[in-house]
Amino acid sequence: MKEIFNPNLYHGKHKSKNFFEGWYYKIVDKKNNYKLAIIPGISYGNSNDDHHSFIQIFNGKDIKFDYLSYDVEDFKYNNNKFRICINSNIFSLENINISINNKDININGNMIFKNIVKWPDSIINPGSMGFYNYLKFMECYSQVCVMTGSIVGELNINGINVDFTGGKVYIEKNWGSSFPKSWIWIQSNFFKSRKASVTCSVATIPFPIRDFTGFLIGVTLENQFYSFTTINHSKINISSLGDDVILTATKKNLKLTLRTYSNPEYFLTLKAPNNGSMTASVKETISGKVYMLLEDTYLNKVIFEDTGFSAGIEYGGDFKKFFN
C-alpha cells in the first residue's frame, strides 16, 4: 500500500517478469539551449535474458539518443524515501548525480532540484492518476512526480561544461507491462511571461467491459493549480494541424487550449516497453513549442496566455483515433 499512496516509489519489488518501470527527468538550462531527457529504469521481460536496468538519454541540443544497458543487480532502490541507483548514477526528487563514461557518451555532474511543485493529491486520489492507482488490471500506470522545479548545478556533457543553474526540471514516471495502445503527451515548464507549467497525457485505457479514452492535464500558474482530467469530469476535443495537434479541455467555467509546434527533424525514436521488454519504440521531441491559453468563460477573461519552449511532444500507437 505504501507504493499506492506514494506512486513516486518503486513498484517492482515482487515482480520477476513482464514488468517495467522508468522515471523521466527533463532538464533545460536557463537559456533554453541545452535540454536533456534522462530516463533511468528497469525491465523484466519473459526470460532472464531480457532482464536489465537501463538509462536512456535524449540530447535535445545535438538531437542524439543513447540507450545504456546495465545488469539488473546494478539497480538499487530505497522506498522509505524515493531514491534509485543504477551503477554509480543516483536519482531522487531532490537531486541527480550522473557518472556515465563510455565510447559513445560521457556525462558527469550533480544537480540539485529546488522549489519543486507537485501534483496535489489525497488518500482517495493518490498521485496524478488518482483512484486508478488502486486498480490492478491496468497495463500502464503514470505519475507526475514534479510539475516544475528549479536547478542548481552543472553537467559535463562530452567534454563541455554546461551550467543548468536557473534552469527547469520536470519529472514523471511510468510502470506496468506495456505502454498504452495509443497516446499523446505534451509538456512544458519553460514559459517566459510567468512561472507556469503544463503536462498533458491522453491515452487508451483498458477496462473489463471496453476500452476508453482517459486523460490527465495539469497546469500550474505561480501558486495556482488547475486540472482537467477524466476523474473530475472534464471534456476534451483534439484535432490535427499537419504534424501537430490542437487540444481543448473544458471544466465548468474553465477552458484550456493547447497547440503544439514541432519540427519532424527533431523527433527521435526512444525505446518503450512491450510486456516488460524494451522492444517497442516511441517517437519524441523535447525541442517543440506549445501555445497555452487558459480562460474563464463565465467572466470572459484570459487567465494566462503564452508559449512554452523546450516542449516535450510524443505520439504513440494509433493516436489519430483521438482526433475529432
# chains A, B, ... in the order shown; residues from 1 in each chain; ligands from 1
$ residues_around --residues "Cys200 (chain A)" --least-positions-apart "3" --cutoff "6 Å" --atoms "only C-alpha atoms" --output "PyMOL selection string"
chain A and resi 185-186+216-217
$ residues_around --residues "region 68-78 of chain A" --least-positions-apart "4" --cutoff "6 Å" --atoms "only C-alpha atoms" --output "list in words"
His52, Ser53, Phe54, Ile55, Phe82, Arg83, Ile84, Cys85, Ile86 and Asn87 of chain A
$ write_last_selection --atoms "C-alpha atoms" --output "PDB file, in the first residue's frame"
ATOM      1  CA  HIS A  52      18.182  -5.489 -17.345  1.00  0.00           C
ATOM      2  CA  SER A  53      18.260  -1.985 -15.948  1.00  0.00           C
ATOM      3  CA  PHE A  54      18.850   0.955 -18.251  1.00  0.00           C
ATOM      4  CA  ILE A  55      19.397   4.671 -18.706  1.00  0.00           C
ATOM      5  CA  PHE A  82      12.241   7.714  -3.214  1.00  0.00           C
ATOM      6  CA  ARG A  83      15.788   7.105  -4.395  1.00  0.00           C
ATOM      7  CA  ILE A  84      17.141   4.774  -7.057  1.00  0.00           C
ATOM      8  CA  CYS A  85      20.670   3.975  -8.190  1.00  0.00           C
ATOM      9  CA  ILE A  86      21.843   2.387 -11.427  1.00  0.00           C
ATOM     10  CA  ASN A  87      25.502   1.562 -11.256  1.00  0.00           C
TER      11      ASN A  87
END
$ closest_residue --among "A:Asn156, A:Val290, A:Met138, A:Lys2" --to "Pro208 (chain A)" --atoms "only C-alpha atoms"
A:Met138
$ select_by_dssp --residues "region 64-309 of chain A" --states "helix (DSSP H, G or I)" --output "JSON, numbers by chain"
{"A": [72, 73, 74, 130, 131, 132, 133, 134, 264, 265, 266]}
$ write_last_selection --atoms "N, CA and C atoms" --output "PDB file, in the first residue's frame"
ATOM      1  N   VAL A  72      20.612  -6.213 -13.993  1.00  0.00           N
ATOM      2  CA  VAL A  72      19.542  -5.998 -13.016  1.00  0.00           C
ATOM      3  C   VAL A  72      20.127  -5.699 -11.637  1.00  0.00           C
ATOM      4  N   GLU A  73      21.241  -6.363 -11.314  1.00  0.00           N
ATOM      5  CA  GLU A  73      21.862  -6.171  -9.998  1.00  0.00           C
ATOM      6  C   GLU A  73      22.417  -4.762  -9.812  1.00  0.00           C
ATOM      7  N   ASP A  74      22.573  -4.007 -10.899  1.00  0.00           N
ATOM      8  CA  ASP A  74      23.053  -2.632 -10.802  1.00  0.00           C
ATOM      9  C   ASP A  74      21.955  -1.669 -10.368  1.00  0.00           C
ATOM     10  N   GLY A 130      -4.750   9.389  -9.495  1.00  0.00           N
ATOM     11  CA  GLY A 130      -5.872   9.264  -8.583  1.00  0.00           C
ATOM     12  C   GLY A 130      -6.237   7.827  -8.270  1.00  0.00           C
ATOM     13  N   PHE A 131      -7.549   7.547  -8.221  1.00  0.00           N
ATOM     14  CA  PHE A 131      -8.008   6.223  -7.788  1.00  0.00           C
ATOM     15  C   PHE A 131      -7.640   5.109  -8.764  1.00  0.00           C
ATOM     16  N   TYR A 132      -7.219   5.459  -9.995  1.00  0.00           N
ATOM     17  CA  TYR A 132      -6.771   4.417 -10.919  1.00  0.00           C
ATOM     18  C   TYR A 132      -5.572   3.652 -10.364  1.00  0.00           C
ATOM     19  N   ASN A 133      -4.835   4.258  -9.424  1.00  0.00           N
ATOM     20  CA  ASN A 133      -3.713   3.561  -8.799  1.00  0.00           C
ATOM     21  C   ASN A 133      -4.167   2.340  -8.006  1.00  0.00           C
ATOM     22  N   TYR A 134      -5.435   2.308  -7.610  1.00  0.00           N
ATOM     23  CA  TYR A 134      -5.953   1.176  -6.838  1.00  0.00           C
ATOM     24  C   TYR A 134      -6.332  -0.010  -7.731  1.00  0.00           C
ATOM     25  N   PRO A 264       9.575  17.887 -37.534  1.00  0.00           N
ATOM     26  CA  PRO A 264       9.774  16.433 -37.629  1.00  0.00           C
ATOM     27  C   PRO A 264      11.234  16.008 -37.522  1.00  0.00           C
ATOM     28  N   GLU A 265      12.164  16.898 -37.900  1.00  0.00           N
ATOM     29  CA  GLU A 265      13.589  16.556 -37.855  1.00  0.00           C
ATOM     30  C   GLU A 265      14.109  16.453 -36.424  1.00  0.00           C
ATOM     31  N   TYR A 266      13.369  16.998 -35.465  1.00  0.00           N
ATOM     32  CA  TYR A 266      13.814  16.986 -34.082  1.00  0.00           C
ATOM     33  C   TYR A 266      13.228  15.829 -33.270  1.00  0.00           C
TER      34      TYR A 266
END
$ residues_around --residues "Thr297 (chain A)" --least-positions-apart "4" --cutoff "12 Å" --atoms "only C-alpha atoms" --output "PyMOL selection string"
chain A and resi 250-256+293+301-303
$ write_last_selection --atoms "N, CA, C and O atoms" --output "short mmCIF file (atom, residue, chain, number, x, y, z; two decimals), in the first residue's frame"
data_model
loop_
_atom_site.label_atom_id
_atom_site.label_comp_id
_atom_site.auth_asym_id
_atom_site.auth_seq_id
_atom_site.Cartn_x
_atom_site.Cartn_y
_atom_site.Cartn_z
N THR A 250 -12.24 21.44 -21.24
CA THR A 250 -13.16 22.32 -20.51
C THR A 250 -13.60 21.66 -19.21
O THR A 250 -13.76 20.44 -19.14
N LYS A 251 -13.79 22.51 -18.21
CA LYS A 251 -14.32 22.07 -16.92
C LYS A 251 -15.04 23.25 -16.29
O LYS A 251 -14.41 24.23 -15.90
N LYS A 252 -16.36 23.16 -16.23
CA LYS A 252 -17.19 24.24 -15.70
C LYS A 252 -16.86 25.56 -16.40
O LYS A 252 -17.03 25.67 -17.60
N ASN A 253 -16.32 26.53 -15.67
CA ASN A 253 -16.05 27.84 -16.25
C ASN A 253 -14.68 27.96 -16.90
O ASN A 253 -14.33 29.00 -17.45
N LEU A 254 -13.89 26.90 -16.85
CA LEU A 254 -12.51 26.95 -17.33
C LEU A 254 -12.37 26.30 -18.71
O LEU A 254 -12.95 25.23 -18.96
N LYS A 255 -11.58 26.92 -19.55
CA LYS A 255 -11.31 26.38 -20.87
C LYS A 255 -9.81 26.50 -21.13
O LYS A 255 -9.23 27.57 -21.02
N LEU A 256 -9.18 25.37 -21.47
CA LEU A 256 -7.76 25.32 -21.76
C LEU A 256 -7.55 24.94 -23.22
O LEU A 256 -8.12 23.96 -23.70
N LEU A 293 -3.44 28.66 -23.69
CA LEU A 293 -4.42 29.69 -23.37
C LEU A 293 -5.38 29.13 -22.34
O LEU A 293 -6.04 28.11 -22.58
N LYS A 301 -12.70 36.08 -19.49
CA LYS A 301 -11.41 36.60 -19.03
C LYS A 301 -10.28 35.63 -19.39
O LYS A 301 -10.42 34.42 -19.24
N VAL A 302 -9.18 36.18 -19.87
CA VAL A 302 -7.98 35.39 -20.14
C VAL A 302 -7.17 35.30 -18.84
O VAL A 302 -6.72 36.31 -18.31
N ILE A 303 -7.00 34.09 -18.34
CA ILE A 303 -6.22 33.88 -17.12
C ILE A 303 -4.73 33.81 -17.44
O ILE A 303 -3.89 34.35 -16.72
#
$ residues_around --residues "Ile96 (chain A)" --least-positions-apart "3" --cutoff "7 Å" --atoms "only C-alpha atoms" --output "list of chain:residue names"
A:Ile90, A:Phe91, A:Ser92, A:Asn110, A:Met111, A:Ile112
$ write_last_selection --atoms "N, CA, C and O atoms" --output "compact mmCIF listing (two decimals), in the first residue's frame"
# COMPACT_ATOMS: atom_id res chain seq x y z
N ILE A 90 22.75 8.20 -9.42
CA ILE A 90 21.77 8.33 -8.34
C ILE A 90 20.66 9.29 -8.76
O ILE A 90 20.93 10.37 -9.28
N PHE A 91 19.41 8.89 -8.49
CA PHE A 91 18.25 9.69 -8.87
C PHE A 91 17.28 9.81 -7.70
O PHE A 91 16.94 8.80 -7.07
N SER A 92 16.83 11.02 -7.41
CA SER A 92 15.78 11.26 -6.43
C SER A 92 14.96 12.44 -6.92
O SER A 92 15.20 12.97 -8.00
N ASN A 110 26.50 16.80 -10.93
CA ASN A 110 25.45 16.73 -9.91
C ASN A 110 24.54 17.93 -10.05
O ASN A 110 24.99 19.06 -10.29
N MET A 111 23.24 17.69 -9.91
CA MET A 111 22.26 18.77 -9.95
C MET A 111 21.30 18.64 -8.78
O MET A 111 20.85 17.54 -8.46
N ILE A 112 21.00 19.77 -8.15
CA ILE A 112 20.05 19.82 -7.05
C ILE A 112 18.78 20.51 -7.56
O ILE A 112 18.84 21.51 -8.27
$ residues_around --residues "Gly312 (chain A)" --least-positions-apart "5" --cutoff "7 Å" --atoms "only C-alpha atoms" --output "PyMOL selection string"
chain A and resi 186-188+285-288
$ write_last_selection --atoms "C-alpha atoms" --output "mmCIF file, in the first residue's frame"
data_model
loop_
_atom_site.group_PDB
_atom_site.id
_atom_site.type_symbol
_atom_site.label_atom_id
_atom_site.label_comp_id
_atom_site.auth_asym_id
_atom_site.auth_seq_id
_atom_site.Cartn_x
_atom_site.Cartn_y
_atom_site.Cartn_z
ATOM 1 C CA ILE A 186 2.639 17.255 -24.236
ATOM 2 C CA GLN A 187 4.728 19.014 -21.579
ATOM 3 C CA SER A 188 6.478 22.319 -20.993
ATOM 4 C CA THR A 285 10.909 15.576 -29.314
ATOM 5 C CA ILE A 286 11.950 17.838 -26.435
ATOM 6 C CA SER A 287 12.503 20.804 -28.732
ATOM 7 C CA GLY A 288 8.894 21.660 -29.529
#
$ residues_around --residues "Asn275 (chain A)" --least-positions-apart "2" --cutoff "12 Å" --atoms "only C-alpha atoms" --output "MDAnalysis selection string"
chainID A and resid 16:21 43:47 50:51 139:140 175:180 272:273 277:280
$ write_last_selection --atoms "N, CA and C atoms" --output "short mmCIF file (atom, residue, chain, number, x, y, z; two decimals), in the first residue's frame"
data_model
loop_
_atom_site.label_atom_id
_atom_site.label_comp_id
_atom_site.auth_asym_id
_atom_site.auth_seq_id
_atom_site.Cartn_x
_atom_site.Cartn_y
_atom_site.Cartn_z
N SER A 16 8.98 -10.30 -11.31
CA SER A 16 10.09 -11.07 -11.86
C SER A 16 10.00 -11.24 -13.38
N LYS A 17 8.87 -10.84 -13.98
CA LYS A 17 8.74 -10.92 -15.43
C LYS A 17 7.62 -9.99 -15.89
N ASN A 18 7.67 -9.63 -17.19
CA ASN A 18 6.64 -8.81 -17.83
C ASN A 18 6.33 -7.54 -17.04
N PHE A 19 7.37 -6.84 -16.65
CA PHE A 19 7.21 -5.61 -15.86
C PHE A 19 8.31 -4.62 -16.22
N PHE A 20 7.94 -3.35 -16.31
CA PHE A 20 8.93 -2.29 -16.49
C PHE A 20 8.60 -1.14 -15.54
N GLU A 21 9.59 -0.33 -15.27
CA GLU A 21 9.38 0.90 -14.52
C GLU A 21 10.47 1.89 -14.92
N SER A 43 13.78 -3.29 -16.57
CA SER A 43 12.96 -4.06 -17.48
C SER A 43 13.06 -5.54 -17.13
N TYR A 44 11.88 -6.17 -16.90
CA TYR A 44 11.81 -7.62 -16.72
C TYR A 44 10.96 -8.18 -17.87
N GLY A 45 11.60 -8.89 -18.80
CA GLY A 45 10.88 -9.45 -19.93
C GLY A 45 10.35 -10.83 -19.62
N ASN A 46 10.20 -11.64 -20.67
CA ASN A 46 9.68 -13.00 -20.49
C ASN A 46 10.72 -13.95 -19.92
N SER A 47 12.00 -13.68 -20.16
CA SER A 47 13.06 -14.58 -19.72
C SER A 47 14.17 -13.77 -19.06
N ASP A 50 16.13 -11.23 -21.00
CA ASP A 50 15.53 -9.92 -21.27
C ASP A 50 15.67 -8.95 -20.10
N HIS A 51 16.04 -9.45 -18.93
CA HIS A 51 16.06 -8.61 -17.73
C HIS A 51 17.28 -7.69 -17.73
N GLU A 139 -2.53 -1.81 -17.77
CA GLU A 139 -1.29 -2.21 -18.42
C GLU A 139 -0.19 -1.19 -18.20
N CYS A 140 -0.57 0.06 -17.91
CA CYS A 140 0.42 1.10 -17.70
C CYS A 140 -0.11 2.12 -16.70
N TRP A 175 4.98 2.79 -15.12
CA TRP A 175 5.29 1.41 -14.75
C TRP A 175 4.12 0.52 -15.14
N GLY A 176 4.40 -0.77 -15.28
CA GLY A 176 3.37 -1.72 -15.67
C GLY A 176 3.96 -2.78 -16.58
N SER A 177 3.21 -3.18 -17.61
CA SER A 177 3.70 -4.19 -18.55
C SER A 177 4.04 -3.58 -19.90
N SER A 178 3.16 -2.71 -20.40
CA SER A 178 3.37 -2.09 -21.72
C SER A 178 2.82 -0.68 -21.72
N PHE A 179 3.30 0.14 -22.64
CA PHE A 179 2.70 1.45 -22.85
C PHE A 179 1.28 1.26 -23.40
N PRO A 180 0.43 2.28 -23.30
CA PRO A 180 -0.94 2.15 -23.83
C PRO A 180 -0.96 1.86 -25.33
N ALA A 272 10.67 1.68 -25.79
CA ALA A 272 9.48 1.62 -24.96
C ALA A 272 9.19 0.17 -24.60
N PRO A 273 8.41 -0.07 -23.54
CA PRO A 273 8.17 -1.44 -23.09
C PRO A 273 7.07 -2.15 -23.86
N SER A 277 9.54 -6.03 -21.75
CA SER A 277 10.77 -5.93 -22.53
C SER A 277 10.84 -4.59 -23.26
N MET A 278 12.02 -4.02 -23.36
CA MET A 278 12.17 -2.73 -24.03
C MET A 278 12.38 -2.94 -25.52
N THR A 279 11.35 -3.50 -26.16
CA THR A 279 11.43 -3.86 -27.56
C THR A 279 10.51 -3.03 -28.45
N ALA A 280 9.67 -2.20 -27.85
CA ALA A 280 8.81 -1.30 -28.62
C ALA A 280 9.54 0.03 -28.80
#
$ select_by_dssp --residues "region 66-272 of chain A" --states "strand (DSSP E)" --output "NGL selection string"
:A and (66-70 or 75-78 or 83-86 or 89-92 or 95-101 or 106-117 or 140-157 or 160-163 or 168-176 or 182-188 or 196-205 or 212-221 or 224-229 or 235-241 or 244-251 or 254-261 or 268-272)
$ atom_distance --atom1 "CA of Lys61 (chain A)" --atom2 "CA of Tyr34 (chain A)"
5.5 Å
$ closest_residue --among "A:Gln56, A:Ser99, A:Asn106, A:Thr307" --to "Tyr291 (chain A)" --atoms "only C-alpha atoms"
A:Thr307
$ atom_distance --atom1 "CA of Gln143 (chain A)" --atom2 "CA of Ile171 (chain A)"
8.9 Å
$ closest_residue --among "A:Ile313, A:Leu268, A:Val245, A:Ile209" --to "Phe65 (chain A)" --atoms "only C-alpha atoms"
A:Leu268
